[in-house]
$ cat run_3.txt   # compact mmCIF, C-alpha atoms and all ligand atoms
# COMPACT_ATOMS: atom_id res chain seq x y z
CA MET A 607 0.00 0.00 0.00
CA ILE A 608 1.34 3.46 -0.82
CA THR A 609 0.32 7.09 -0.24
CA PRO A 610 -0.03 9.80 -2.91
CA ASN A 611 3.50 10.99 -2.01
CA ASP A 612 4.83 7.72 -3.45
CA PHE A 613 3.09 7.90 -6.84
CA GLN A 614 5.33 7.43 -9.84
CA ARG A 615 4.99 10.07 -12.55
CA ARG A 616 3.82 7.53 -15.09
CA TYR A 617 2.06 4.12 -15.04
CA ASP A 618 1.01 1.74 -17.80
CA ALA A 619 -2.49 1.78 -16.30
CA VAL A 620 -4.24 3.77 -13.57
CA ILE A 621 -7.34 2.16 -12.08
CA ILE A 622 -9.97 4.14 -10.20
CA GLY A 623 -11.69 1.86 -7.65
CA ALA A 624 -10.08 -0.99 -5.66
CA ARG A 625 -12.85 -3.50 -5.08
CA ALA A 626 -13.99 -6.58 -7.04
CA ALA A 627 -13.37 -5.12 -10.50
CA GLY A 628 -10.49 -2.72 -9.87
CA ALA A 629 -8.42 -4.92 -7.56
CA SER A 630 -8.81 -7.94 -9.89
CA THR A 631 -7.77 -5.94 -12.94
CA ALA A 632 -4.76 -4.59 -11.00
CA LEU A 633 -3.79 -8.09 -9.91
CA LEU A 634 -3.90 -9.46 -13.46
CA LEU A 635 -2.09 -6.48 -15.02
CA ALA A 636 0.65 -6.55 -12.40
CA ARG A 637 1.11 -10.29 -12.96
CA GLN A 638 1.65 -9.53 -16.63
CA GLY A 639 4.44 -7.13 -15.66
CA LEU A 640 2.61 -3.84 -16.21
CA ARG A 641 3.18 -0.89 -13.89
CA VAL A 642 -0.24 -0.27 -12.40
CA LEU A 643 -1.66 2.18 -9.86
CA THR A 644 -5.05 1.56 -8.24
CA VAL A 645 -6.68 4.21 -6.08
CA ASP A 646 -9.84 4.20 -4.02
CA ARG A 647 -11.44 7.05 -2.15
CA GLY A 648 -12.57 4.53 0.50
CA ARG A 649 -10.52 2.60 3.03
CA TYR A 650 -8.82 -0.81 2.99
CA GLY A 651 -10.96 -3.71 4.23
CA THR A 652 -14.22 -1.75 4.56
CA ASP A 653 -17.71 -2.94 3.69
CA THR A 654 -19.93 -1.73 0.88
CA LEU A 655 -23.67 -1.85 0.19
CA SER A 656 -23.83 -5.33 -1.32
CA THR A 657 -24.69 -8.89 -0.48
CA HIS A 658 -21.96 -11.19 -1.77
CA ALA A 659 -23.11 -14.56 -3.10
CA LEU A 660 -20.61 -15.75 -5.69
CA MET A 661 -21.66 -17.95 -8.58
CA ARG A 662 -19.46 -20.71 -10.02
CA GLY A 663 -17.79 -18.40 -12.57
CA GLY A 664 -16.65 -16.04 -9.82
CA VAL A 665 -15.34 -18.82 -7.60
CA LEU A 666 -13.56 -20.33 -10.58
CA GLN A 667 -11.74 -17.04 -11.22
CA LEU A 668 -10.60 -16.86 -7.58
CA ALA A 669 -9.40 -20.46 -7.83
CA ARG A 670 -7.48 -19.78 -11.06
CA TRP A 671 -5.78 -16.74 -9.48
CA GLY A 672 -4.81 -18.58 -6.29
CA VAL A 673 -7.02 -16.37 -4.12
CA LEU A 674 -9.62 -19.04 -3.25
CA PRO A 675 -7.47 -20.78 -0.57
CA ARG A 676 -7.25 -17.43 1.24
CA VAL A 677 -11.02 -17.02 1.05
CA ARG A 678 -11.36 -20.45 2.67
CA ASP A 679 -8.66 -19.64 5.25
CA ALA A 680 -10.65 -16.53 6.22
CA GLY A 681 -13.33 -18.92 7.49
CA THR A 682 -15.76 -18.43 4.61
CA PRO A 683 -18.12 -21.41 4.76
CA PRO A 684 -18.53 -23.58 1.66
CA VAL A 685 -21.94 -23.49 -0.01
CA ARG A 686 -22.72 -26.99 -1.28
CA ARG A 687 -26.36 -26.60 -2.18
CA ALA A 688 -28.67 -24.05 -3.80
CA THR A 689 -32.38 -24.47 -3.09
CA PHE A 690 -35.07 -22.65 -5.04
CA ILE A 691 -38.41 -22.43 -3.24
CA TYR A 692 -41.37 -21.42 -5.40
CA GLY A 693 -44.39 -21.17 -3.11
CA ASP A 694 -44.79 -24.73 -1.79
CA GLU A 695 -42.41 -26.33 -4.26
CA SER A 696 -38.73 -26.73 -3.43
CA ILE A 697 -35.99 -27.64 -5.92
CA SER A 698 -32.62 -28.44 -4.43
CA VAL A 699 -29.47 -28.42 -6.57
CA PRO A 700 -26.20 -29.79 -5.16
CA VAL A 701 -23.07 -27.81 -6.08
CA LYS A 702 -20.94 -30.42 -7.83
CA PRO A 703 -17.20 -30.19 -7.19
CA LYS A 704 -15.58 -29.67 -10.59
CA ASP A 705 -13.20 -27.41 -12.52
CA GLY A 706 -11.15 -26.77 -9.36
CA VAL A 707 -14.24 -25.47 -7.54
CA ASP A 708 -15.21 -27.64 -4.57
CA ALA A 709 -18.12 -25.44 -3.48
CA LEU A 710 -19.49 -21.93 -3.88
CA TYR A 711 -18.53 -19.19 -1.40
CA ALA A 712 -19.99 -15.88 -0.28
CA PRO A 713 -17.20 -13.95 1.44
CA ARG A 714 -18.09 -10.60 3.02
CA ARG A 715 -16.77 -7.72 0.95
CA THR A 716 -14.55 -6.83 3.94
CA VAL A 717 -12.85 -10.16 3.22
CA LEU A 718 -13.03 -10.61 -0.55
CA ASP A 719 -12.01 -7.12 -1.69
CA ARG A 720 -9.16 -7.04 0.84
CA LEU A 721 -7.80 -10.43 -0.27
CA ILE A 722 -7.79 -9.45 -3.94
CA VAL A 723 -6.06 -6.15 -3.09
CA ASP A 724 -3.44 -8.05 -1.06
CA ALA A 725 -2.76 -10.33 -4.02
CA ALA A 726 -2.49 -7.31 -6.34
CA VAL A 727 0.04 -5.62 -4.02
CA GLU A 728 2.04 -8.87 -3.82
CA ALA A 729 2.06 -8.96 -7.63
CA GLY A 730 3.60 -5.48 -7.67
CA ALA A 731 0.62 -3.13 -8.08
CA ASP A 732 0.69 0.21 -6.28
CA VAL A 733 -2.53 0.68 -4.29
CA ALA A 734 -3.54 3.90 -2.51
CA TYR A 735 -6.66 4.41 -0.40
CA GLY A 736 -8.21 7.71 0.63
CA THR A 737 -7.46 8.95 -2.88
CA ARG A 738 -10.04 10.19 -5.34
CA LEU A 739 -10.14 10.98 -9.01
CA VAL A 740 -10.43 14.73 -9.58
CA GLU A 741 -10.17 14.93 -13.36
CA LEU A 742 -8.83 13.25 -16.48
CA GLN A 743 -6.19 14.68 -18.78
CA GLN A 744 -6.51 14.41 -22.53
CA ASP A 745 -3.92 14.99 -25.23
CA ALA A 746 -4.40 17.19 -28.29
CA ASP A 747 -6.24 14.34 -30.10
CA GLY A 748 -8.67 13.88 -27.21
CA ARG A 749 -7.06 10.66 -26.00
CA VAL A 750 -7.10 10.21 -22.24
CA CYS A 751 -3.48 10.36 -21.11
CA GLY A 752 -3.52 10.95 -17.38
CA VAL A 753 -5.39 11.64 -14.18
CA THR A 754 -5.42 14.22 -11.44
CA LEU A 755 -5.81 12.54 -8.05
CA ALA A 756 -6.25 13.99 -4.57
CA GLY A 757 -5.43 12.29 -1.29
CA ASP A 758 -6.51 13.21 2.22
CA ASP A 759 -4.47 16.41 2.10
CA GLY A 760 -6.55 17.54 -0.90
CA ARG A 761 -3.40 18.34 -2.90
CA PRO A 762 -3.92 17.55 -6.61
CA ARG A 763 -1.34 15.21 -8.14
CA ARG A 764 -1.01 14.47 -11.82
CA VAL A 765 -0.11 10.98 -13.00
CA ALA A 766 0.47 10.13 -16.66
CA THR A 767 -0.69 6.79 -18.06
CA ASP A 768 -1.50 4.87 -21.26
CA THR A 769 -4.90 3.73 -19.96
CA VAL A 770 -7.27 4.98 -17.29
CA ILE A 771 -9.60 2.24 -16.07
CA GLY A 772 -12.87 3.16 -14.42
CA ALA A 773 -13.64 0.44 -11.85
CA ASP A 774 -15.43 3.05 -9.80
CA GLY A 775 -18.84 1.45 -9.57
CA LEU A 776 -22.36 2.24 -10.58
CA ARG A 777 -21.96 6.03 -10.46
CA SER A 778 -18.60 5.96 -12.22
CA ALA A 779 -16.84 9.33 -12.46
CA VAL A 780 -14.65 7.95 -15.26
CA ALA A 781 -17.74 7.00 -17.30
CA ARG A 782 -19.15 10.49 -16.76
CA LEU A 783 -15.91 12.27 -17.66
CA VAL A 784 -15.42 10.32 -20.91
CA ASN A 785 -19.12 10.53 -21.72
CA ALA A 786 -19.45 6.76 -22.05
CA GLU A 787 -22.65 6.11 -23.95
CA ILE A 788 -25.26 3.76 -22.51
CA THR A 789 -25.80 1.02 -25.10
CA HIS A 790 -28.42 -1.12 -23.32
CA THR A 791 -30.90 -0.23 -20.60
CA GLY A 792 -33.06 -2.48 -18.49
CA ARG A 793 -36.67 -1.71 -17.68
CA TRP A 794 -37.03 -2.85 -14.12
CA ALA A 795 -35.41 -2.53 -10.74
CA ALA A 796 -35.81 -4.40 -7.48
CA ALA A 797 -35.31 -3.00 -3.99
CA ASN A 798 -33.30 -5.02 -1.51
CA VAL A 799 -33.09 -4.91 2.29
CA PHE A 800 -30.62 -7.20 4.02
CA GLY A 801 -29.14 -7.95 7.41
CA TYR A 802 -26.79 -10.42 9.13
CA TRP A 803 -28.08 -13.04 11.55
CA SER A 804 -26.26 -15.18 14.07
CA GLY A 805 -27.71 -18.47 15.25
CA LEU A 806 -29.37 -19.11 11.90
CA PRO A 807 -27.60 -22.04 10.28
CA VAL A 808 -28.83 -22.65 6.72
CA ASP A 809 -27.98 -25.30 4.19
CA GLY A 810 -26.39 -23.24 1.43
CA TYR A 811 -28.02 -20.58 -0.72
CA ARG A 812 -31.81 -20.63 -0.32
CA TRP A 813 -33.81 -18.51 -2.75
CA TYR A 814 -37.53 -18.10 -1.94
CA TYR A 815 -40.08 -16.74 -4.43
CA GLU A 816 -43.67 -15.60 -4.04
CA PRO A 817 -45.52 -13.34 -6.50
CA GLY A 818 -44.07 -9.85 -6.08
CA MET A 819 -41.44 -10.84 -3.49
CA SER A 820 -38.30 -12.80 -2.96
CA VAL A 821 -36.10 -13.69 0.00
CA GLY A 822 -32.66 -15.30 0.13
CA THR A 823 -30.12 -16.66 2.59
CA ILE A 824 -26.37 -16.44 2.08
CA PRO A 825 -24.09 -18.15 4.63
CA THR A 826 -20.95 -16.08 5.21
CA ASN A 827 -17.99 -15.36 7.50
CA ASP A 828 -18.09 -15.29 11.32
CA GLY A 829 -20.93 -17.82 11.46
CA LEU A 830 -23.38 -15.24 10.11
CA THR A 831 -26.14 -15.67 7.55
CA CYS A 832 -27.08 -12.77 5.32
CA VAL A 833 -30.86 -12.68 4.82
CA PHE A 834 -32.24 -10.37 2.15
CA ALA A 835 -35.78 -9.39 1.20
CA SER A 836 -36.49 -8.08 -2.27
CA VAL A 837 -39.56 -6.39 -3.82
CA PRO A 838 -40.17 -4.18 -6.87
CA ALA A 839 -38.36 -0.85 -6.45
CA SER A 840 -41.72 0.90 -6.75
CA ARG A 841 -42.62 -0.54 -3.31
CA PHE A 842 -39.44 0.49 -1.48
CA ALA A 843 -40.83 3.69 0.05
CA GLU A 844 -44.16 2.16 1.07
CA LEU A 845 -42.58 -0.91 2.72
CA PHE A 846 -39.29 0.26 4.14
CA ARG A 847 -39.00 4.04 4.41
CA GLU A 848 -41.09 4.52 7.59
CA ASP A 849 -39.96 1.41 9.40
CA ILE A 850 -37.39 -0.74 7.65
CA HIS A 851 -37.74 -3.53 10.26
CA SER A 852 -41.48 -4.02 9.89
CA GLY A 853 -41.27 -4.02 6.06
CA TYR A 854 -38.42 -6.56 6.17
CA ASP A 855 -40.34 -8.70 8.64
CA MET A 856 -43.47 -8.62 6.51
CA VAL A 857 -41.62 -9.77 3.36
CA LEU A 858 -39.82 -12.52 5.30
CA ARG A 859 -43.08 -13.80 6.80
CA ALA A 860 -44.89 -13.75 3.47
CA THR A 861 -42.07 -15.43 1.54
CA GLY A 862 -39.49 -17.01 3.83
CA HIS A 863 -41.73 -19.95 4.94
CA ASP A 864 -39.47 -22.41 6.86
CA LEU A 865 -36.93 -19.64 7.46
CA VAL A 866 -38.95 -17.48 9.84
CA SER A 867 -39.40 -20.08 12.57
CA GLY A 868 -35.56 -20.39 12.85
CA MET A 869 -35.26 -16.59 12.93
CA ALA A 870 -37.22 -16.40 16.19
CA GLU A 871 -34.17 -17.95 17.92
CA ALA A 872 -31.62 -15.97 15.91
CA ALA A 873 -30.20 -12.47 16.51
CA LEU A 874 -29.84 -9.67 13.99
CA ILE A 875 -26.27 -8.40 14.21
CA GLY A 876 -25.94 -4.72 13.35
CA SER A 877 -28.49 -2.78 11.36
CA LEU A 878 -30.49 -3.55 8.24
CA HIS A 879 -29.18 -2.16 4.95
CA GLY A 880 -31.53 -0.86 2.24
CA PHE A 881 -30.95 -0.52 -1.49
CA PRO A 882 -33.86 1.27 -3.21
CA GLY A 883 -33.09 -0.21 -6.65
CA GLN A 884 -31.43 0.89 -9.86
CA ILE A 885 -32.39 0.05 -13.43
CA GLY A 886 -29.64 -1.93 -15.16
CA PHE A 887 -27.45 -0.55 -17.93
CA VAL A 888 -24.57 -1.48 -20.17
CA ARG A 889 -22.11 1.26 -21.08
CA ARG A 890 -19.69 1.62 -23.97
CA SER A 891 -16.69 0.24 -22.12
CA ALA A 892 -13.59 1.32 -24.01
CA GLY A 893 -12.31 4.32 -25.94
CA PRO A 894 -9.04 6.15 -26.63
CA GLY A 895 -6.96 5.81 -23.48
CA TRP A 896 -9.80 4.62 -21.24
CA ALA A 897 -11.83 1.54 -20.32
CA LEU A 898 -14.54 0.60 -17.83
CA VAL A 899 -15.00 -2.62 -15.86
CA GLY A 900 -17.36 -3.95 -13.17
CA ASP A 901 -20.48 -1.96 -12.29
CA ALA A 902 -19.01 1.11 -13.99
CA ALA A 903 -19.27 -0.77 -17.29
CA TYR A 904 -22.30 -2.93 -16.77
CA PHE A 905 -24.78 -2.95 -13.91
CA LYS A 906 -27.54 -5.50 -13.55
CA ASP A 907 -30.06 -5.86 -10.80
CA PRO A 908 -28.65 -7.65 -7.71
CA ILE A 909 -31.57 -10.10 -7.79
CA THR A 910 -29.50 -12.68 -9.68
CA ALA A 911 -26.44 -12.12 -7.43
CA HIS A 912 -24.08 -12.00 -10.37
CA GLY A 913 -22.36 -8.58 -10.22
CA ILE A 914 -19.19 -9.67 -8.43
CA THR A 915 -18.90 -12.76 -10.62
CA ASP A 916 -19.18 -10.52 -13.70
CA ALA A 917 -16.59 -8.12 -12.31
CA LEU A 918 -14.12 -10.98 -11.76
CA ILE A 919 -14.68 -12.35 -15.26
CA ASP A 920 -14.53 -9.01 -17.06
CA ALA A 921 -11.39 -7.97 -15.16
CA GLU A 922 -9.56 -10.76 -16.96
CA GLY A 923 -10.88 -9.78 -20.39
CA LEU A 924 -9.89 -6.17 -19.78
CA ALA A 925 -6.45 -6.96 -18.32
CA ASN A 926 -5.62 -9.07 -21.37
CA ALA A 927 -6.78 -6.30 -23.70
CA VAL A 928 -4.78 -3.61 -21.87
CA ALA A 929 -1.69 -5.84 -21.88
CA ALA A 930 -2.13 -6.39 -25.64
CA GLY A 931 -1.96 -2.60 -25.92
CA THR A 932 -4.10 -2.05 -29.02
CA ALA A 933 -7.39 -0.26 -29.62
CA GLN A 934 -8.60 -3.39 -31.40
CA ALA A 935 -8.02 -5.50 -28.27
CA LEU A 936 -10.06 -3.05 -26.19
CA THR A 937 -12.90 -3.12 -28.73
CA GLU A 938 -12.85 -6.92 -28.62
CA TYR A 939 -12.96 -6.83 -24.81
CA GLU A 940 -16.25 -4.95 -25.01
CA GLU A 941 -17.65 -7.17 -27.80
CA ARG A 942 -16.81 -10.39 -25.95
CA ARG A 943 -18.24 -9.01 -22.71
CA ASN A 944 -21.48 -8.23 -24.54
CA GLU A 945 -21.56 -11.67 -26.17
CA ARG A 946 -21.21 -13.28 -22.77
CA ALA A 947 -23.32 -10.97 -20.67
CA LEU A 948 -26.28 -9.60 -22.58
CA ALA A 949 -28.52 -12.66 -22.30
CA LEU A 950 -27.92 -12.75 -18.55
CA PHE A 951 -28.64 -9.03 -18.41
CA GLU A 952 -32.05 -9.57 -20.07
CA ILE A 953 -32.96 -12.51 -17.84
CA THR A 954 -31.97 -10.57 -14.73
CA ASP A 955 -34.09 -7.64 -15.83
CA ARG A 956 -37.10 -9.91 -16.26
CA ILE A 957 -36.63 -11.49 -12.86
CA ALA A 958 -36.25 -8.01 -11.30
CA SER A 959 -39.60 -7.00 -12.82
CA PHE A 960 -41.51 -9.33 -10.47
CA GLU A 961 -44.00 -9.47 -13.36
CA TRP A 962 -43.99 -13.26 -13.31
CA THR A 963 -45.91 -16.22 -12.06
CA LEU A 964 -44.04 -18.88 -10.10
CA ASP A 965 -43.95 -21.00 -13.28
CA ASP A 966 -42.36 -18.09 -15.16
CA ALA A 967 -39.82 -17.63 -12.37
CA ARG A 968 -38.86 -21.30 -12.59
CA ALA A 969 -38.41 -21.00 -16.37
CA LEU A 970 -36.32 -17.82 -16.00
CA HIS A 971 -34.05 -19.54 -13.49
CA LYS A 972 -33.58 -22.43 -15.88
CA GLN A 973 -32.44 -19.95 -18.55
CA LEU A 974 -30.17 -18.28 -16.01
CA ALA A 975 -28.58 -21.63 -15.12
CA GLU A 976 -27.96 -22.30 -18.83
CA GLU A 977 -26.27 -18.92 -19.26
CA MET A 978 -24.09 -19.51 -16.20
CA ALA A 979 -23.09 -22.95 -17.51
CA ARG A 980 -22.11 -21.29 -20.80
CA GLU A 981 -20.07 -18.75 -18.86
CA VAL A 982 -18.18 -21.48 -16.99
CA LYS A 983 -17.46 -23.24 -20.30
CA THR A 984 -15.92 -20.03 -21.65
CA LEU A 985 -13.76 -19.66 -18.54
CA ASN A 986 -12.60 -23.26 -18.78
CA ARG A 987 -11.68 -22.68 -22.41
CA MET A 988 -9.68 -19.61 -21.40
CA ALA A 989 -7.90 -21.61 -18.68
CA LEU A 990 -7.05 -24.33 -21.21
CA GLU A 991 -5.69 -21.78 -23.69
CA GLU A 992 -3.53 -20.38 -20.90
CA THR A 993 -1.96 -23.75 -20.13
CA THR A 994 -1.33 -24.55 -23.80
CA VAL A 995 0.30 -21.20 -24.75
C1 LIG B 1001 -28.01 -4.56 -2.53
C2 LIG B 1001 -27.01 -5.23 -3.42
C3 LIG B 1001 -26.81 -6.58 -3.32
C4 LIG B 1001 -25.90 -7.21 -4.15
N1 LIG B 1001 -25.70 -8.55 -4.02
C5 LIG B 1001 -24.80 -9.18 -4.80
C6 LIG B 1001 -24.55 -10.56 -4.64
O1 LIG B 1001 -25.12 -11.24 -3.77
N2 LIG B 1001 -23.65 -11.14 -5.48
C7 LIG B 1001 -22.99 -10.43 -6.44
O2 LIG B 1001 -22.20 -11.01 -7.18
N3 LIG B 1001 -23.22 -9.10 -6.61
C8 LIG B 1001 -24.09 -8.47 -5.81
N4 LIG B 1001 -24.30 -7.14 -5.96
C9 LIG B 1001 -23.56 -6.42 -7.01
C10 LIG B 1001 -22.14 -6.08 -6.56
O3 LIG B 1001 -22.18 -5.34 -5.37
C11 LIG B 1001 -21.42 -5.27 -7.64
O4 LIG B 1001 -21.60 -5.86 -8.89
C12 LIG B 1001 -19.94 -5.16 -7.32
O5 LIG B 1001 -19.74 -4.42 -6.12
C13 LIG B 1001 -19.20 -4.46 -8.44
O6 LIG B 1001 -17.86 -4.27 -8.04
P1 LIG B 1001 -17.04 -3.04 -8.59
O7 LIG B 1001 -15.64 -3.26 -8.15
O8 LIG B 1001 -17.33 -2.85 -10.03
O9 LIG B 1001 -17.66 -1.74 -7.90
P2 LIG B 1001 -17.80 -1.32 -6.39
O10 LIG B 1001 -17.85 -2.49 -5.49
O11 LIG B 1001 -18.95 -0.37 -6.36
O12 LIG B 1001 -16.45 -0.51 -6.07
C14 LIG B 1001 -16.20 0.73 -6.65
C15 LIG B 1001 -15.09 1.40 -5.84
O13 LIG B 1001 -14.75 2.62 -6.52
C16 LIG B 1001 -14.47 3.61 -5.56
N5 LIG B 1001 -14.68 4.92 -6.18
C17 LIG B 1001 -15.83 5.40 -6.71
N6 LIG B 1001 -15.63 6.63 -7.21
C18 LIG B 1001 -14.32 6.95 -6.97
C19 LIG B 1001 -13.53 8.08 -7.24
N7 LIG B 1001 -14.02 9.16 -7.87
N8 LIG B 1001 -12.23 8.08 -6.86
C20 LIG B 1001 -11.71 6.98 -6.21
N9 LIG B 1001 -12.43 5.86 -5.93
C21 LIG B 1001 -13.72 5.86 -6.31
C22 LIG B 1001 -15.45 3.34 -4.42
O14 LIG B 1001 -14.97 3.87 -3.20
C23 LIG B 1001 -15.54 1.80 -4.43
O15 LIG B 1001 -14.67 1.24 -3.46
C24 LIG B 1001 -25.20 -6.46 -5.13
C25 LIG B 1001 -25.41 -5.09 -5.25
C26 LIG B 1001 -26.29 -4.48 -4.39
C27 LIG B 1001 -26.50 -2.99 -4.51

$ encode --input "run_3.txt" --output "structure tokens" --more "lines below"
Ligand SMILES: Cc1cc2nc3c(=O)[nH]c(=O)nc-3n(C[C@H](O)[C@H](O)[C@H](O)COP(=O)(O)OP(=O)(O)OC[C@H]3O[C@@H](n4cnc5c(N)ncnc54)[C@H](O)[C@@H]3O)c2cc1C
Amino acid sequence: MITPNDFQRRYDAVIIGARAAGASTALLLARQGLRVLTVDRGRYGTDTLSTHALMRGGVLQLARWGVLPRVRDAGTPPVRRATFIYGDESISVPVKPKDGVDALYAPRRTVLDRLIVDAAVEAGADVAYGTRLVELQQDADGRVCGVTLAGDDGRPRRVATDTVIGADGLRSAVARLVNAEITHTGRWAAANVFGYWSGLPVDGYRWYYEPGMSVGTIPTNDGLTCVFASVPASRFAELFREDIHSGYDMVLRATGHDLVSGMAEAALIGSLHGFPGQIGFVRRSAGPGWALVGDAAYFKDPITAHGITDALIDAEGLANAVAAGTAQALTEYEERRNERALALFEITDRIASFEWTLDDARALHKQLAEEMAREVKTLNRMALEETTV
């Protein structure tokens, strides 16, 4: 970890944002020998507004990068089963150990983001917290060629670079400053309220669906279970604004079935967290001297719990493109991302609509599972190419 006083004058890449997307991109670029600086206005090891269920593609990336053993060592419990509960019907799917993935995991962001940052620093990346992007520099042709950053002392510091990467989340400043066009927009958004419970052991991920509502359980670090309640964003104010606890309780009782009896004996640790919802979007993700990754590039509703997995997958596509060093490679990064992600984006949007019957929900989850299987196939192909180069 460094401070702004230690910045070099020039880096091959400067990344704004040091969480799932930014830290992973830094790790992969540094391992390819590039000089990379990653800054975040937040602090090392802090939490963010997000539940954290990883899908197989995300776990596979962590395994390929050697980070998964550290996730396990941090006491993250394995998830060996995903159960989908549609009204009275329950469908249980075991997580088969394969492709180097023994189970799924849902590390807290205080754990996951920190471990990826640690690996990036070990690989040689410079990482600075408490440092924000102030502005971008452009050369006479309009190509982005540097950044102005400010640390805690507020003093602006200029750093030159070949590529500025916006991994700065949903409300990306990089995307705004380069005017990154939105190429796809969703139609729906779901609100989400979640909290952490102790004394609530659950068997893996459990996803409950009732018309207009959904609830889920995510076992995580420190023996806690994250329990979320989700409804259409249009109902957020009515259900949660006055009294977040009673709204949360109501959704759990109406949807959580077997879960609520166990919750009577369990304790809520800390406060409930509310996310009012955000319609999904896909942005143009590369241009002269800049690129976007993670939520900055492509945000989909959290209802399919796939944002971190996407960030980990796209970080690799982007790192390879930046290392290749051509505009063509960056264009292909965006094209391949779209090829992989757009179907999942559409399915997520439909699930987030809550405009479905339980039969529709089942069918949408089947499509989602097919897309995720396709995603894992692509990652396995990439891993194979790596070992045969
Ligand atoms: C309620 C909710 C539940 C979710 N649940 C899941 C789930 O279960 N599973 C899943 O896979 N995904 C989930 N997601 C999605 C997931 O949180 C995101 O996809 C993921 O955080 C994207 O990572 P990121 O690195 O792109 O961005 P972020 O995690 O948003 O990180 C961006 C970083 O950029 C920094 N930054 C921003 N602006 C600046 C600036 N100007 N200068 C310096 N630094 C800056 C911020 O401080 C931040 O640390 C959920 C999201 C929400 C809202």

$ residues_near_point --input "run_3.txt" --point "(-2.6, 4.9, -4.0)" --cutoff "9 Å" --atoms "all atoms listed in the file" --output "MDAnalysis selection string"
chainID A and resid 607:613 643:646 732:737 757

$ write_last_selection --input "run_3.txt" --atoms "C-alpha atoms" --output "compact mmCIF listing (two decimals), keeping the file's coordinate frame"
# COMPACT_ATOMS: atom_id res chain seq x y z
CA MET A 607 0.00 0.00 0.00
CA ILE A 608 1.34 3.46 -0.82
CA THR A 609 0.32 7.09 -0.24
CA PRO A 610 -0.03 9.80 -2.91
CA ASN A 611 3.50 10.99 -2.01
CA ASP A 612 4.83 7.72 -3.45
CA PHE A 613 3.09 7.90 -6.84
CA LEU A 643 -1.66 2.18 -9.86
CA THR A 644 -5.05 1.56 -8.24
CA VAL A 645 -6.68 4.21 -6.08
CA ASP A 646 -9.84 4.20 -4.02
CA ASP A 732 0.69 0.21 -6.28
CA VAL A 733 -2.53 0.68 -4.29
CA ALA A 734 -3.54 3.90 -2.51
CA TYR A 735 -6.66 4.41 -0.40
CA GLY A 736 -8.21 7.71 0.63
CA THR A 737 -7.46 8.95 -2.88
CA GLY A 757 -5.43 12.29 -1.29

$ atom_distance --input "run_3.txt" --atom1 "atom CA of A:Asp708" --atom2 "atom CA of A:Gly810"
13.4 Å

$ atom_distance --input "run_3.txt" --atom1 "atom CA of A:Met988" --atom2 "atom CA of A:Ala669"
13.6 Å

$ residues_near_ligand --input "run_3.txt" --ligand "ligand LIG 1001 (chain B)" --cutoff "6 Å" --atoms "all atoms listed in the file" --output "ChimeraX atom specification"
/A:622-628,645-648,655-660,737-739,773-775,778-779,798,881,900-902,908,911-915,917

$ atom_distance --input "run_3.txt" --atom1 "atom CA of A:Asn926" --atom2 "atom CA of A:Ala892"
13.4 Å

$ residues_around --input "run_3.txt" --residues "A:Gly883" --least-positions-apart "5" --cutoff "6 Å" --atoms "only C-alpha atoms" --output "MDAnalysis selection string"
chainID A and resid 795:797 839

$ decode --input "run_3.txt" --residues "stretch 898-907 of chain A" --atoms "N, CA and C atoms" --output "PDB file, in the first residue's frame"
ATOM      1  N   LEU A 898     -13.712   0.779 -19.031  1.00  0.00           N
ATOM      2  CA  LEU A 898     -14.544   0.600 -17.831  1.00  0.00           C
ATOM      3  C   LEU A 898     -14.670  -0.894 -17.541  1.00  0.00           C
ATOM      4  N   VAL A 899     -14.824  -1.216 -16.255  1.00  0.00           N
ATOM      5  CA  VAL A 899     -15.002  -2.619 -15.856  1.00  0.00           C
ATOM      6  C   VAL A 899     -15.858  -2.663 -14.591  1.00  0.00           C
ATOM      7  N   GLY A 900     -16.493  -3.814 -14.354  1.00  0.00           N
ATOM      8  CA  GLY A 900     -17.359  -3.949 -13.172  1.00  0.00           C
ATOM      9  C   GLY A 900     -18.637  -3.138 -13.348  1.00  0.00           C
ATOM     10  N   ASP A 901     -19.213  -2.699 -12.229  1.00  0.00           N
ATOM     11  CA  ASP A 901     -20.481  -1.963 -12.293  1.00  0.00           C
ATOM     12  C   ASP A 901     -20.367  -0.680 -13.105  1.00  0.00           C
ATOM     13  N   ALA A 902     -19.184  -0.111 -13.192  1.00  0.00           N
ATOM     14  CA  ALA A 902     -19.014   1.108 -13.987  1.00  0.00           C
ATOM     15  C   ALA A 902     -19.361   0.829 -15.450  1.00  0.00           C
ATOM     16  N   ALA A 903     -19.072  -0.397 -15.887  1.00  0.00           N
ATOM     17  CA  ALA A 903     -19.269  -0.770 -17.294  1.00  0.00           C
ATOM     18  C   ALA A 903     -20.650  -1.350 -17.534  1.00  0.00           C
ATOM     19  N   TYR A 904     -21.146  -2.076 -16.526  1.00  0.00           N
ATOM     20  CA  TYR A 904     -22.303  -2.929 -16.770  1.00  0.00           C
ATOM     21  C   TYR A 904     -22.939  -3.261 -15.428  1.00  0.00           C
ATOM     22  N   PHE A 905     -24.106  -2.696 -15.182  1.00  0.00           N
ATOM     23  CA  PHE A 905     -24.781  -2.950 -13.906  1.00  0.00           C
ATOM     24  C   PHE A 905     -26.072  -3.704 -14.153  1.00  0.00           C
ATOM     25  N   LYS A 906     -26.234  -4.820 -13.457  1.00  0.00           N
ATOM     26  CA  LYS A 906     -27.538  -5.500 -13.550  1.00  0.00           C
ATOM     27  C   LYS A 906     -28.110  -5.645 -12.157  1.00  0.00           C
ATOM     28  N   ASP A 907     -29.405  -5.820 -12.100  1.00  0.00           N
ATOM     29  CA  ASP A 907     -30.063  -5.862 -10.801  1.00  0.00           C
ATOM     30  C   ASP A 907     -29.430  -6.946  -9.913  1.00  0.00           C
TER      31      ASP A 907
END
